file upload-v1.txt (compact mmCIF, C-alpha atoms)
# COMPACT_ATOMS: atom_id res chain seq x y z
CA MET A 1 141.34 1.32 14.42
CA ASN A 2 140.23 0.72 10.81
CA ASN A 3 142.58 -0.51 8.10
CA GLU A 4 143.28 2.92 6.68
CA HIS A 5 144.31 4.30 10.06
CA SER A 6 146.39 1.19 10.72
CA ALA A 7 148.14 1.63 7.37
CA SER A 8 148.88 5.28 8.13
CA ALA A 9 150.42 4.40 11.50
CA ILE A 10 152.48 1.55 10.01
CA LEU A 11 153.92 3.62 7.18
CA GLU A 12 154.66 6.54 9.50
CA ARG A 13 156.80 4.21 11.63
CA VAL A 14 158.57 3.08 8.45
CA ARG A 15 159.38 6.70 7.58
CA GLU A 16 160.56 7.42 11.13
CA ASN A 17 163.12 4.64 10.69
CA GLY A 18 164.51 6.19 7.52
CA ALA A 19 162.93 3.68 5.16
CA GLU A 20 160.27 3.63 2.48
CA GLY A 21 157.65 0.97 2.17
CA ASP A 22 154.39 -0.37 0.82
CA LEU A 23 151.69 -2.24 2.66
CA ILE A 24 149.24 -4.78 1.27
CA ILE A 25 146.10 -5.57 3.27
CA ASP A 26 144.12 -8.56 2.07
CA GLU A 27 140.81 -9.44 3.64
CA GLY A 28 137.96 -11.67 2.65
CA LYS A 29 135.00 -13.78 3.62
CA THR A 30 133.96 -17.06 2.01
CA LEU A 31 130.96 -19.35 2.27
CA SER A 32 131.82 -22.93 1.22
CA LEU A 33 129.27 -25.74 0.77
CA ARG A 34 129.74 -29.36 -0.26
CA ALA A 35 127.33 -32.30 -0.48
CA GLN A 36 127.95 -36.01 -0.06
CA LYS A 37 125.37 -38.77 -0.45
CA GLY A 38 122.43 -36.44 -0.07
CA GLU A 39 123.75 -34.70 3.02
CA LEU A 40 125.51 -31.39 3.49
CA GLU A 41 129.07 -32.51 4.21
CA GLU A 42 130.55 -29.03 4.55
CA HIS A 43 129.04 -25.72 5.55
CA LYS A 44 131.91 -23.40 6.34
CA VAL A 45 132.16 -19.66 6.70
CA SER A 46 135.74 -18.42 6.83
CA SER A 47 137.32 -15.00 6.95
CA ASN A 48 140.81 -13.63 6.83
CA LEU A 49 142.67 -10.40 7.40
CA ILE A 50 146.39 -10.21 6.74
CA PHE A 51 148.86 -7.32 6.57
CA GLY A 52 151.98 -7.63 4.41
CA LEU A 53 154.73 -5.01 4.68
CA ARG A 54 157.68 -4.46 2.36
CA VAL A 55 160.36 -1.95 3.36
CA VAL A 56 163.37 -0.66 1.46
CA LYS A 57 166.22 0.91 3.41
CA GLU A 58 169.66 1.63 2.00
CA HIS A 59 168.77 -0.50 -1.06
CA ARG A 60 168.02 -3.51 1.11
CA VAL A 61 164.55 -5.08 1.12
CA GLY A 62 162.77 -6.66 4.05
CA THR A 63 159.28 -8.14 4.32
CA ALA A 64 157.06 -9.24 7.19
CA TYR A 65 153.39 -9.99 7.73
CA SER A 66 150.80 -10.10 10.49
CA GLU A 67 147.49 -11.90 10.77
CA ALA A 68 146.62 -9.86 13.85
CA SER A 69 145.49 -6.24 13.64
CA ASN A 70 146.23 -4.98 17.15
CA GLU A 71 148.81 -2.25 17.66
CA ASP A 72 151.46 -4.48 19.24
CA ALA A 73 151.29 -7.03 16.43
CA LEU A 74 151.56 -4.36 13.73
CA ASN A 75 154.47 -2.67 15.49
CA SER A 76 156.20 -6.02 15.70
CA MET A 77 155.64 -6.51 11.97
CA VAL A 78 157.35 -3.19 11.21
CA ASN A 79 160.30 -4.07 13.43
CA GLN A 80 160.65 -7.49 11.80
CA ALA A 81 160.57 -6.07 8.28
CA LEU A 82 163.26 -3.52 9.16
CA LEU A 83 165.36 -6.22 10.82
CA ASN A 84 165.04 -8.49 7.80
CA ALA A 85 166.12 -5.63 5.55
CA SER A 86 169.23 -5.03 7.65
CA PHE A 87 170.40 -8.59 6.93
CA ALA A 88 169.38 -8.65 3.26
CA LYS A 89 171.70 -8.24 0.30
CA VAL A 90 171.68 -5.00 -1.68
CA GLU A 91 168.91 -4.92 -4.33
CA PRO A 92 169.76 -1.94 -6.57
CA ASP A 93 166.66 -2.41 -8.75
CA GLU A 94 163.98 -2.65 -6.07
CA LYS A 95 162.37 0.44 -4.60
CA ILE A 96 158.96 1.80 -3.70
CA ILE A 97 157.34 3.49 -6.69
CA ASP A 98 156.93 7.25 -6.28
CA ILE A 99 153.23 7.52 -7.00
CA SER A 100 150.46 9.08 -4.95
CA GLY A 101 146.71 9.62 -5.10
CA SER A 102 143.91 7.10 -4.84
CA LEU A 103 142.46 4.29 -6.93
CA LYS A 104 139.22 2.46 -6.24
CA THR A 105 137.15 -0.09 -8.14
CA ASP A 106 133.39 0.17 -8.58
CA ASP A 107 131.69 -1.97 -5.93
CA GLU A 108 128.35 -1.99 -7.76
CA ILE A 109 129.94 -3.71 -10.76
CA LEU A 110 132.62 -5.90 -9.16
CA CYS A 111 130.98 -6.65 -5.81
CA PRO A 112 127.20 -6.69 -6.30
CA SER A 113 124.87 -7.27 -3.37
CA ASP A 114 123.79 -10.86 -2.73
CA ILE A 115 120.06 -11.54 -2.89
CA VAL A 116 120.32 -15.34 -2.67
CA THR A 117 119.87 -16.72 0.85
CA VAL A 118 122.16 -19.28 2.46
CA GLU A 119 119.25 -21.71 2.53
CA GLU A 120 118.86 -21.35 -1.23
CA LYS A 121 122.57 -21.97 -1.74
CA ILE A 122 122.35 -25.12 0.37
CA ALA A 123 119.38 -26.32 -1.69
CA PHE A 124 121.38 -25.58 -4.86
CA THR A 125 124.29 -27.71 -3.61
CA LEU A 126 122.14 -30.66 -2.56
CA SER A 127 120.10 -30.56 -5.78
CA MET A 128 123.23 -30.52 -7.94
CA GLU A 129 124.53 -33.70 -6.32
CA LYS A 130 121.11 -35.37 -6.16
CA GLU A 131 120.32 -34.85 -9.83
CA LEU A 132 123.72 -36.09 -10.92
CA LEU A 133 123.39 -39.22 -8.75
CA ALA A 134 120.01 -39.91 -10.36
CA LYS A 135 121.61 -40.11 -13.81
CA GLU A 136 122.12 -43.53 -15.36
CA LYS A 137 125.56 -45.10 -14.71
CA ILE A 138 126.64 -42.35 -12.26
CA LYS A 139 128.06 -44.08 -9.18
CA ASN A 140 129.30 -41.15 -7.15
CA VAL A 141 129.81 -37.41 -7.14
CA PRO A 142 133.04 -37.32 -5.13
CA TYR A 143 133.89 -33.70 -5.80
CA ASN A 144 131.32 -30.94 -5.74
CA GLY A 145 131.08 -27.55 -4.18
CA VAL A 146 129.61 -24.10 -4.04
CA SER A 147 131.40 -20.99 -2.87
CA ASP A 148 130.62 -17.32 -2.49
CA SER A 149 133.56 -15.07 -1.70
CA ILE A 150 134.16 -11.39 -1.21
CA VAL A 151 137.82 -10.40 -1.39
CA GLN A 152 139.32 -7.00 -0.83
CA ARG A 153 142.85 -5.75 -1.43
CA SER A 154 144.27 -2.42 -0.33
CA VAL A 155 147.72 -1.07 -1.19
CA PHE A 156 149.24 1.87 0.69
CA THR A 157 152.70 3.38 0.18
CA THR A 158 154.95 5.86 1.95
CA SER A 159 154.79 7.99 -1.22
CA GLY A 160 151.09 8.63 -0.59
CA LEU A 161 149.24 6.04 -2.66
CA SER A 162 145.96 4.52 -1.53
CA ALA A 163 144.45 1.83 -3.78
CA ASN A 164 141.46 -0.37 -3.02
CA SER A 165 139.69 -3.16 -4.86
CA LYS A 166 136.70 -5.22 -3.72
CA GLN A 167 135.31 -8.10 -5.76
CA ARG A 168 132.81 -10.93 -5.45
CA TYR A 169 133.34 -14.42 -6.87
CA CYS A 170 130.62 -17.10 -6.90
CA SER A 171 131.25 -20.60 -8.20
CA ALA A 172 129.70 -24.06 -8.45
CA THR A 173 131.41 -27.24 -9.66
CA ALA A 174 130.73 -30.95 -9.78
CA HIS A 175 132.77 -34.01 -10.80
CA ALA A 176 130.98 -37.33 -11.27
CA LEU A 177 132.23 -40.91 -11.47
CA MET A 178 130.51 -42.99 -14.16
CA GLU A 179 130.84 -46.77 -14.29
CA HIS A 180 129.53 -49.34 -16.78
CA GLU A 181 130.74 -52.84 -17.68
CA ARG A 182 134.08 -52.37 -15.86
CA LYS A 183 134.71 -49.06 -17.58
CA THR A 184 134.98 -45.94 -15.47
CA VAL A 185 135.42 -42.28 -16.19
CA MET A 186 135.30 -39.13 -14.08
CA GLU A 187 134.54 -35.77 -15.60
CA GLY A 188 133.30 -32.45 -14.29
CA SER A 189 131.97 -29.03 -15.09
CA GLY A 190 131.50 -25.70 -13.35
CA ARG A 191 130.43 -22.10 -13.57
CA VAL A 192 131.55 -18.81 -12.04
CA SER A 193 129.87 -15.42 -11.77
CA ARG A 194 129.84 -12.27 -9.68
CA GLU A 195 126.21 -12.98 -8.79
CA PHE A 196 125.13 -16.30 -7.34
CA GLY A 197 121.73 -15.98 -8.94
CA GLU A 198 123.34 -16.32 -12.38
CA LEU A 199 124.59 -19.85 -11.61
CA ASP A 200 122.46 -22.77 -12.83
CA TYR A 201 123.12 -26.20 -11.33
CA ARG A 202 121.08 -27.93 -14.03
CA THR A 203 123.54 -26.78 -16.68
CA ILE A 204 126.43 -28.12 -14.59
CA VAL A 205 124.62 -31.44 -14.11
CA GLU A 206 123.93 -31.90 -17.81
CA GLU A 207 127.42 -30.88 -18.91
CA THR A 208 129.07 -33.16 -16.37
CA TYR A 209 126.88 -36.10 -17.35
CA CYS A 210 127.43 -35.57 -21.06
CA ARG A 211 131.19 -35.33 -20.58
CA CYS A 212 131.20 -38.63 -18.66
CA LEU A 213 128.94 -40.40 -21.14
CA GLY A 214 130.88 -39.12 -24.12
CA LEU A 215 134.24 -40.43 -22.89
CA LEU A 216 133.18 -43.67 -21.15
CA ASP A 217 133.92 -45.88 -24.16
CA GLY A 218 137.03 -43.99 -25.19
CA GLU A 219 140.11 -45.89 -26.36
CA ALA A 220 143.57 -45.05 -27.62
CA ILE A 221 144.08 -44.20 -31.29
CA PRO A 222 147.08 -45.02 -33.50
CA THR A 223 150.31 -43.22 -32.75
CA LYS A 224 151.05 -40.48 -35.29
CA HIS A 225 150.91 -36.71 -35.79
CA TYR A 226 147.49 -35.03 -35.83
CA ASP A 227 146.01 -31.56 -36.00
CA VAL A 228 144.81 -30.64 -32.49
CA ILE A 229 142.24 -28.24 -31.04
CA LEU A 230 141.93 -27.89 -27.27
CA ASP A 231 138.58 -27.17 -25.63
CA GLN A 232 137.55 -24.02 -23.80
CA GLU A 233 139.18 -25.07 -20.54
CA TYR A 234 142.42 -26.71 -21.61
CA GLN A 235 143.60 -24.33 -24.31
CA PRO A 236 143.74 -21.50 -21.72
CA ALA A 237 145.30 -23.95 -19.24
CA LEU A 238 148.07 -24.78 -21.71
CA PHE A 239 148.88 -21.11 -22.28
CA SER A 240 148.82 -20.54 -18.51
CA THR A 241 151.31 -23.37 -17.98
CA PHE A 242 153.83 -21.54 -20.15
CA ALA A 243 152.90 -17.98 -19.07
CA SER A 244 156.38 -17.47 -17.58
CA MET A 245 157.56 -16.93 -21.16
CA PHE A 246 156.20 -13.39 -20.74
CA SER A 247 157.81 -12.76 -17.34
CA ALA A 248 160.65 -10.28 -17.08
CA GLN A 249 161.44 -11.81 -13.68
CA THR A 250 162.31 -15.18 -15.22
CA ALA A 251 164.25 -13.27 -17.89
CA LYS A 252 166.21 -11.44 -15.19
CA ASP A 253 166.87 -14.79 -13.50
CA GLY A 254 168.17 -16.22 -16.77
CA VAL A 255 165.51 -18.92 -17.16
CA ASN A 256 163.29 -17.39 -19.83
CA PRO A 257 164.03 -18.40 -23.44
CA MET A 258 162.28 -15.22 -24.62
CA ARG A 259 164.70 -12.92 -22.77
CA ASP A 260 166.50 -11.71 -25.90
CA LYS A 261 163.67 -12.14 -28.40
CA VAL A 262 161.69 -8.91 -27.93
CA GLY A 263 161.08 -7.57 -31.43
CA GLU A 264 161.49 -10.99 -33.04
CA ILE A 265 158.94 -13.38 -34.53
CA ILE A 266 158.14 -16.11 -32.00
CA ALA A 267 154.68 -17.20 -33.20
CA ASP A 268 152.43 -17.50 -36.23
CA GLU A 269 151.60 -14.08 -37.69
CA ARG A 270 147.90 -14.65 -36.98
CA LEU A 271 148.50 -14.68 -33.22
CA ASN A 272 147.88 -11.43 -31.36
CA ILE A 273 148.19 -11.85 -27.60
CA SER A 274 147.76 -9.20 -24.94
CA ASP A 275 147.11 -8.88 -21.25
CA SER A 276 143.80 -7.05 -20.88
CA PRO A 277 143.08 -6.38 -17.18
CA HIS A 278 140.17 -4.00 -17.83
CA LEU A 279 137.83 -6.44 -19.59
CA ILE A 280 134.92 -6.08 -17.18
CA ASP A 281 133.35 -9.43 -18.13
CA GLY A 282 136.39 -11.24 -16.76
CA LEU A 283 136.94 -12.20 -13.16
CA GLY A 284 140.62 -11.38 -13.57
CA TYR A 285 139.74 -7.67 -13.81
CA THR A 286 142.53 -5.69 -12.16
CA LEU A 287 142.68 -1.92 -11.70
CA PHE A 288 146.14 -1.83 -10.10
CA ASP A 289 149.00 -4.23 -9.49
CA ALA A 290 150.69 -5.21 -6.21
CA GLU A 291 152.80 -2.03 -6.23
CA GLY A 292 149.76 0.16 -6.81
CA THR A 293 150.62 0.88 -10.45
CA LYS A 294 147.49 1.44 -12.51
CA THR A 295 147.14 -1.35 -15.03
CA GLU A 296 146.55 -1.03 -18.76
CA THR A 297 146.29 -3.29 -21.79
CA THR A 298 149.71 -4.65 -22.70
CA SER A 299 150.42 -6.07 -26.15
CA LEU A 300 152.64 -9.13 -25.70
CA ILE A 301 152.62 -10.65 -29.19
CA LYS A 302 151.48 -8.73 -32.27
CA ASP A 303 151.34 -10.39 -35.67
CA GLY A 304 153.65 -13.07 -34.27
CA TYR A 305 156.25 -10.58 -32.98
CA LEU A 306 157.12 -10.46 -29.27
CA GLN A 307 156.38 -6.87 -28.23
CA THR A 308 157.46 -6.81 -24.59
CA LEU A 309 157.80 -8.84 -21.45
CA ALA A 310 155.63 -8.20 -18.40
CA HIS A 311 157.42 -5.99 -15.86
CA ASN A 312 157.21 -4.80 -12.29
CA SER A 313 159.19 -1.73 -11.25
CA ALA A 314 162.30 -3.74 -10.32
CA THR A 315 162.61 -5.63 -13.61
CA ALA A 316 161.74 -2.45 -15.50
CA LYS A 317 164.68 -0.67 -13.87
CA HIS A 318 166.95 -3.66 -14.51
CA PHE A 319 166.15 -3.73 -18.23
CA GLY A 320 165.86 0.05 -18.63
CA VAL A 321 162.17 0.12 -19.57
CA LYS A 322 158.88 1.17 -17.95
CA THR A 323 156.87 -1.06 -15.68
CA THR A 324 153.89 -2.65 -17.42
CA GLY A 325 151.89 -2.90 -14.18
CA HIS A 326 152.36 -6.63 -13.61
CA ALA A 327 153.81 -6.61 -10.10
CA SER A 328 152.59 -9.53 -8.03
CA ARG A 329 152.90 -9.98 -4.27
CA SER A 330 150.89 -11.61 -1.54
CA PRO A 331 151.18 -10.28 2.01
CA LYS A 332 153.57 -13.15 2.76
CA SER A 333 155.71 -13.08 -0.38
CA THR A 334 158.35 -11.00 -2.08
CA LEU A 335 157.88 -9.02 -5.28
CA GLY A 336 157.14 -11.03 -8.42
CA ILE A 337 155.27 -10.86 -11.73
CA ASN A 338 151.93 -12.24 -12.91
CA LEU A 339 149.64 -11.65 -15.87
CA HIS A 340 146.08 -10.46 -15.15
CA GLN A 341 143.77 -11.52 -18.01
CA LEU A 342 145.33 -13.17 -21.04
CA HIS A 343 143.54 -12.14 -24.22
CA ILE A 344 144.14 -13.66 -27.64
CA SER A 345 142.40 -11.74 -30.41
CA GLU A 346 139.97 -13.55 -32.69
CA GLY A 347 141.17 -14.62 -36.10
CA ILE A 348 139.39 -14.76 -39.45
CA ASP A 349 138.69 -18.49 -39.72
CA SER A 350 135.05 -19.57 -39.61
CA GLU A 351 133.97 -22.83 -38.00
CA SER A 352 133.85 -24.51 -41.43
CA ILE A 353 137.58 -23.81 -41.84
CA LEU A 354 138.61 -24.32 -38.22
CA TYR A 355 136.87 -27.69 -37.95
CA SER A 356 137.48 -29.00 -41.47
CA GLY A 357 138.88 -32.48 -42.05
CA GLU A 358 140.32 -34.74 -39.37
CA TYR A 359 141.63 -33.45 -36.06
CA ILE A 360 141.63 -34.30 -32.35
CA LEU A 361 139.60 -32.28 -29.87
CA ILE A 362 141.34 -32.41 -26.49
CA THR A 363 138.94 -32.14 -23.53
CA ASP A 364 141.27 -33.17 -20.72
CA LEU A 365 144.99 -32.88 -19.96
CA ALA A 366 146.72 -34.57 -17.02
CA GLY A 367 149.99 -33.46 -15.41
CA LEU A 368 149.94 -29.91 -16.72
CA HIS A 369 152.73 -28.77 -14.43
CA SER A 370 154.70 -31.94 -13.73
CA GLY A 371 154.73 -32.73 -17.45
CA ALA A 372 155.89 -29.30 -18.65
CA ASN A 373 159.24 -27.52 -18.77
CA PRO A 374 158.66 -23.78 -19.28
CA ILE A 375 162.37 -23.20 -19.89
CA SER A 376 162.72 -25.55 -22.85
CA GLY A 377 159.04 -25.53 -23.84
CA GLN A 378 158.91 -29.34 -23.83
CA PHE A 379 155.76 -31.04 -22.53
CA SER A 380 154.17 -34.46 -22.27
CA PHE A 381 150.61 -34.81 -20.94
CA GLY A 382 148.10 -37.59 -20.63
CA ALA A 383 145.04 -36.62 -22.62
CA SER A 384 141.45 -37.48 -23.49
CA GLY A 385 139.07 -36.16 -26.10
CA TYR A 386 137.55 -37.03 -29.45
CA LEU A 387 138.66 -37.89 -32.94
CA MET A 388 136.75 -35.42 -35.10
CA THR A 389 135.95 -35.05 -38.79
CA ASP A 390 134.44 -31.81 -40.10
CA GLY A 391 133.27 -30.87 -36.59
CA VAL A 392 131.54 -34.20 -35.95
CA ARG A 393 132.65 -36.70 -33.30
CA VAL A 394 133.95 -39.92 -34.84
CA ARG A 395 134.97 -41.67 -31.61
CA PRO A 396 135.99 -40.87 -28.03
CA ILE A 397 139.69 -41.08 -27.13
CA ARG A 398 141.37 -41.98 -23.85
CA ASN A 399 144.78 -43.19 -22.71
CA ILE A 400 146.81 -41.14 -25.14
CA THR A 401 149.78 -38.84 -24.62
CA ILE A 402 150.23 -35.50 -26.32
CA ALA A 403 153.84 -34.31 -26.49
CA GLY A 404 155.87 -31.62 -28.15
CA ASN A 405 157.31 -28.16 -27.66
CA PHE A 406 154.94 -25.32 -26.85
CA TYR A 407 157.16 -22.66 -28.36
CA ASP A 408 157.28 -24.62 -31.62
CA MET A 409 153.49 -25.09 -31.49
CA LEU A 410 153.04 -21.31 -31.54
CA LYS A 411 154.56 -21.35 -35.02
CA LYS A 412 152.53 -24.35 -36.24
CA VAL A 413 149.08 -22.81 -36.35
CA SER A 414 146.79 -23.75 -39.23
CA ALA A 415 143.68 -21.76 -38.15
CA VAL A 416 142.53 -19.17 -35.62
CA GLY A 417 138.79 -19.08 -34.98
CA ASP A 418 136.69 -15.95 -35.43
CA GLN A 419 134.76 -16.38 -32.14
CA LEU A 420 136.04 -15.63 -28.62
CA PHE A 421 135.33 -17.68 -25.48
CA TRP A 422 136.10 -17.33 -21.78
CA ASN A 423 137.55 -20.19 -19.77
CA GLN A 424 135.59 -21.58 -16.81
CA GLY A 425 137.21 -19.23 -14.32
CA ARG A 426 136.67 -16.25 -16.65
CA THR A 427 140.30 -15.17 -16.40
CA THR A 428 141.29 -15.82 -20.02
CA VAL A 429 139.56 -14.97 -23.29
CA MET A 430 140.64 -16.37 -26.65
CA PRO A 431 139.46 -18.06 -29.86
CA HIS A 432 140.02 -21.72 -30.65
CA ILE A 433 143.40 -22.32 -32.27
CA ARG A 434 144.11 -25.29 -34.52
CA PHE A 435 147.65 -26.55 -34.03
CA SER A 436 149.09 -28.71 -36.80
CA ASP A 437 151.42 -31.70 -36.75
CA VAL A 438 151.20 -32.52 -33.02
CA ALA A 439 152.64 -35.83 -31.79
CA ILE A 440 150.07 -38.19 -30.25
CA SER A 441 151.11 -41.50 -28.70
CA GLY A 442 148.36 -44.08 -28.46
CA SER A 443 147.94 -47.67 -29.55
call {"tool": "encode", "arguments": {"input": "upload-v1.txt", "output": "structure tokens"}}
result
Amino acid sequence: MNNEHSASAILERVRENGAEGDLIIDEGKTLSLRAQKGELEEHKVSSNLIFGLRVVKEHRVGTAYSEASNEDALNSMVNQALLNASFAKVEPDEKIIDISGSLKTDDEILCPSDIVTVEEKIAFTLSMEKELLAKEKIKNVPYNGVSDSIVQRSVFTTSGLSANSKQRYCSATAHALMEHERKTVMEGSGRVSREFGELDYRTIVEETYCRCLGLLDGEAIPTKHYDVILDQEYQPALFSTFASMFSAQTAKDGVNPMRDKVGEIIADERLNISDSPHLIDGLGYTLFDAEGTKTETTSLIKDGYLQTLAHNSATAKHFGVKTTGHASRSPKSTLGINLHQLHISEGIDSESILYSGEYILITDLAGLHSGANPISGQFSFGASGYLMTDGVRVRPIRNITIAGNFYDMLKKVSAVGDQLFWNQGRTTVMPHIRFSDVAISGS
């Protein structure tokens, strides 16, 4: 029995028991390669298939999952979900959305055929490590890897919806340890694409080596307040750390400081932030959310004003608004909320303005989650980077701490660049933002 027939049988049993439900089927296949000291340390092919059922009966919600696809296992999953619902508390806001029809992504665009052989991928992996090890002062390449994954998600509902998405993700990364005169530093780089043939290990090697060499002699700088720009990886990472500020679920739970600020100014007027799931260049492209709702661009902050929070159907009902198509759920979890592709619009500031005068360029942050409190906005991270003047490196910096309040930082913006960039994982697109008056603790 194929997945579509299995889904039909599962949801029919749900209906027969007087309930409504939705079913997520996630499946995938991944090739993983890793090198160590000139040898292939890992060559693994893994696959998964998992069914995740959510049922709603008499306003009570139950979930269950199965990693087996035989009839007995799937029947047991239905019974378990119904049983769990019978013991659950009443959830007046949660129900299965009444939508029908079909949605399907374009396989030719999102899941292109692979023309690179496994042997070529192995050679790629070994060459990436070998060429890094051959670089002066590189002692080890402890972390490196290549992966090629195809993932597929299907969502079916008792209301008649069938939604399917299939995507390919290829990646290569390397982190090298550099050592010289008792100084050590470890830095890395990586690339992602939908086609393995677009990855270039030489670029990763050179970037990794340059990052190591650039920071090897870094030292702390005097403690004071500086203007700060974060690089293409850590500016998106910082915004991701505090992404719950846009979640209507955390607002419903009473732990979101933005709960009552929709329509108010919460950021510099030059900041325009949206969730843009249909940007095809991004690997966070999403046609539908975990409830099967078709996604669309959602303006979150416009000219500094908070426009809306991100909603699933349950939070939308709770707050008396429409869902924004941000439902999130794995086959094993309950209903939640996640953004798809964060998009900050470019500003008007050229590089000569953005990079004028003295500032710190942050290229590494440590403790992004343990050092952050999304409720208060407070954070304290270990950091590395460069002291810059007019876009030119003055000296490398290590062993400093950057601290402050993220929500205050959004109001202390001195420039927004006029060029967009994607982060390494291609899930976030934004310009560089220059934050002013940021506390740096150093020497």
call {"tool": "closest_residue", "arguments": {"input": "upload-v1.txt", "among": "A:Leu82, A:Leu230, A:Leu410, A:Ile50", "to": "A:Ser384", "atoms": "all atoms listed in the file"}}
result
A:Leu230
call {"tool": "closest_residue", "arguments": {"input": "upload-v1.txt", "among": "A:Gly145, A:Thr286, A:Thr428, A:Thr241", "to": "A:Gly377", "atoms": "only C-alpha atoms"}}
result
A:Thr241
call {"tool": "closest_residue", "arguments": {"input": "upload-v1.txt", "among": "A:Gly320, A:Pro431, A:Pro331, A:Gly292", "to": "A:Ser165", "atoms": "all atoms listed in the file"}}
result
A:Gly292
call {"tool": "residues_around", "arguments": {"input": "upload-v1.txt", "residues": "A:His225", "least_positions_apart": "6", "cutoff": "7 Å", "atoms": "only C-alpha atoms", "output": "list in words"}}
result
Asp437, Val438, Ala439 and Ile440 of chain A
call {"tool": "atom_distance", "arguments": {"input": "upload-v1.txt", "atom1": "atom CA of A:Asp22", "atom2": "atom CA of A:Phe51"}}
result
10.6 Å
call {"tool": "closest_residue", "arguments": {"input": "upload-v1.txt", "among": "A:Lys121, A:Lys29, A:Lys183, A:His278", "to": "A:Asp200", "atoms": "only C-alpha atoms"}}
result
A:Lys121
call {"tool": "closest_residue", "arguments": {"input": "upload-v1.txt", "among": "A:Ser376, A:Thr293, A:Gln167, A:Gln232", "to": "A:Met258", "atoms": "only C-alpha atoms"}}
result
A:Ser376
call {"tool": "atom_distance", "arguments": {"input": "upload-v1.txt", "atom1": "atom CA of A:Asp260", "atom2": "atom CA of A:Ala327"}}
result
20.9 Å
call {"tool": "closest_residue", "arguments": {"input": "upload-v1.txt", "among": "A:Leu126, A:Ile348, A:Ile96, A:Ile265", "to": "A:Lys317", "atoms": "only C-alpha atoms"}}
result
A:Ile96
call {"tool": "residues_around", "arguments": {"input": "upload-v1.txt", "residues": "A:Lys130", "least_positions_apart": "5", "cutoff": "10 Å", "atoms": "all atoms listed in the file", "output": "mmCIF file with C-alpha atoms, in the frame of the given file"}}
result
data_model
loop_
_atom_site.group_PDB
_atom_site.id
_atom_site.type_symbol
_atom_site.label_atom_id
_atom_site.label_comp_id
_atom_site.auth_asym_id
_atom_site.auth_seq_id
_atom_site.Cartn_x
_atom_site.Cartn_y
_atom_site.Cartn_z
ATOM 1 C CA ALA A 35 127.330 -32.300 -0.480
ATOM 2 C CA GLN A 36 127.950 -36.010 -0.060
ATOM 3 C CA LYS A 37 125.370 -38.770 -0.450
ATOM 4 C CA GLY A 38 122.430 -36.440 -0.070
ATOM 5 C CA GLU A 39 123.750 -34.700 3.020
ATOM 6 C CA PHE A 124 121.380 -25.580 -4.860
ATOM 7 C CA THR A 125 124.290 -27.710 -3.610
ATOM 8 C CA LYS A 135 121.610 -40.110 -13.810
ATOM 9 C CA VAL A 141 129.810 -37.410 -7.140
ATOM 10 C CA VAL A 205 124.620 -31.440 -14.110
#
call {"tool": "atom_distance", "arguments": {"input": "upload-v1.txt", "atom1": "atom CA of A:Pro277", "atom2": "atom CA of A:Ser299"}}
result
11.6 Å
call {"tool": "residues_around", "arguments": {"input": "upload-v1.txt", "residues": "A:Val61", "least_positions_apart": "3", "cutoff": "10 Å", "atoms": "only C-alpha atoms", "output": "list in words"}}
result
Ala19, Glu20, Gly21, Arg54, Val55, Val56, Lys57, Glu58, Ala81, Leu82, Leu83, Asn84, Ala85, Ser86, Phe87, Ala88, Lys89, Val90, Glu91, Pro92, Glu94, Lys95 and Thr334 of chain A
call {"tool": "residues_around", "arguments": {"input": "upload-v1.txt", "residues": "A:Ile204", "least_positions_apart": "3", "cutoff": "6 Å", "atoms": "all atoms listed in the file", "output": "PyMOL selection string"}}
result
chain A and resi 189-190+201+207-208
call {"tool": "closest_atom_pairs", "arguments": {"input": "upload-v1.txt", "of": "stretch 191-279 of chain A", "to": "stretch 388-398 of chain A", "cutoff": "10 Å", "atoms": "all atoms listed in the file", "output": "JSON lines"}}
result
{"residue": "A:Leu213", "atom": "CA", "partner": "A:Pro396", "partner_atom": "CA", "distance": 9.9}
{"residue": "A:Gly214", "atom": "CA", "partner": "A:Pro396", "partner_atom": "CA", "distance": 6.7}
{"residue": "A:Leu215", "atom": "CA", "partner": "A:Pro396", "partner_atom": "CA", "distance": 5.4}
{"residue": "A:Leu216", "atom": "CA", "partner": "A:Pro396", "partner_atom": "CA", "distance": 7.9}
{"residue": "A:Asp217", "atom": "CA", "partner": "A:Pro396", "partner_atom": "CA", "distance": 6.7}
{"residue": "A:Gly218", "atom": "CA", "partner": "A:Pro396", "partner_atom": "CA", "distance": 4.3}
{"residue": "A:Glu219", "atom": "CA", "partner": "A:Arg398", "partner_atom": "CA", "distance": 4.8}
{"residue": "A:Ala220", "atom": "CA", "partner": "A:Arg398", "partner_atom": "CA", "distance": 5.3}
{"residue": "A:Ile221", "atom": "CA", "partner": "A:Ile397", "partner_atom": "CA", "distance": 6.8}
{"residue": "A:Val228", "atom": "CA", "partner": "A:Met388", "partner_atom": "CA", "distance": 9.7}
{"residue": "A:Ile229", "atom": "CA", "partner": "A:Met388", "partner_atom": "CA", "distance": 9.9}
call {"tool": "residues_around", "arguments": {"input": "upload-v1.txt", "residues": "stretch 417-421 of chain A", "least_positions_apart": "6", "cutoff": "9 Å", "atoms": "only C-alpha atoms", "output": "list in words"}}
result
Gln232, Ile344, Ser345, Glu346, Gly347, Ile348, Asp349, Ser350, Glu351, Ile353, Leu354, Thr428, Val429, Met430, Pro431, His432, Ile433 and Arg434 of chain A
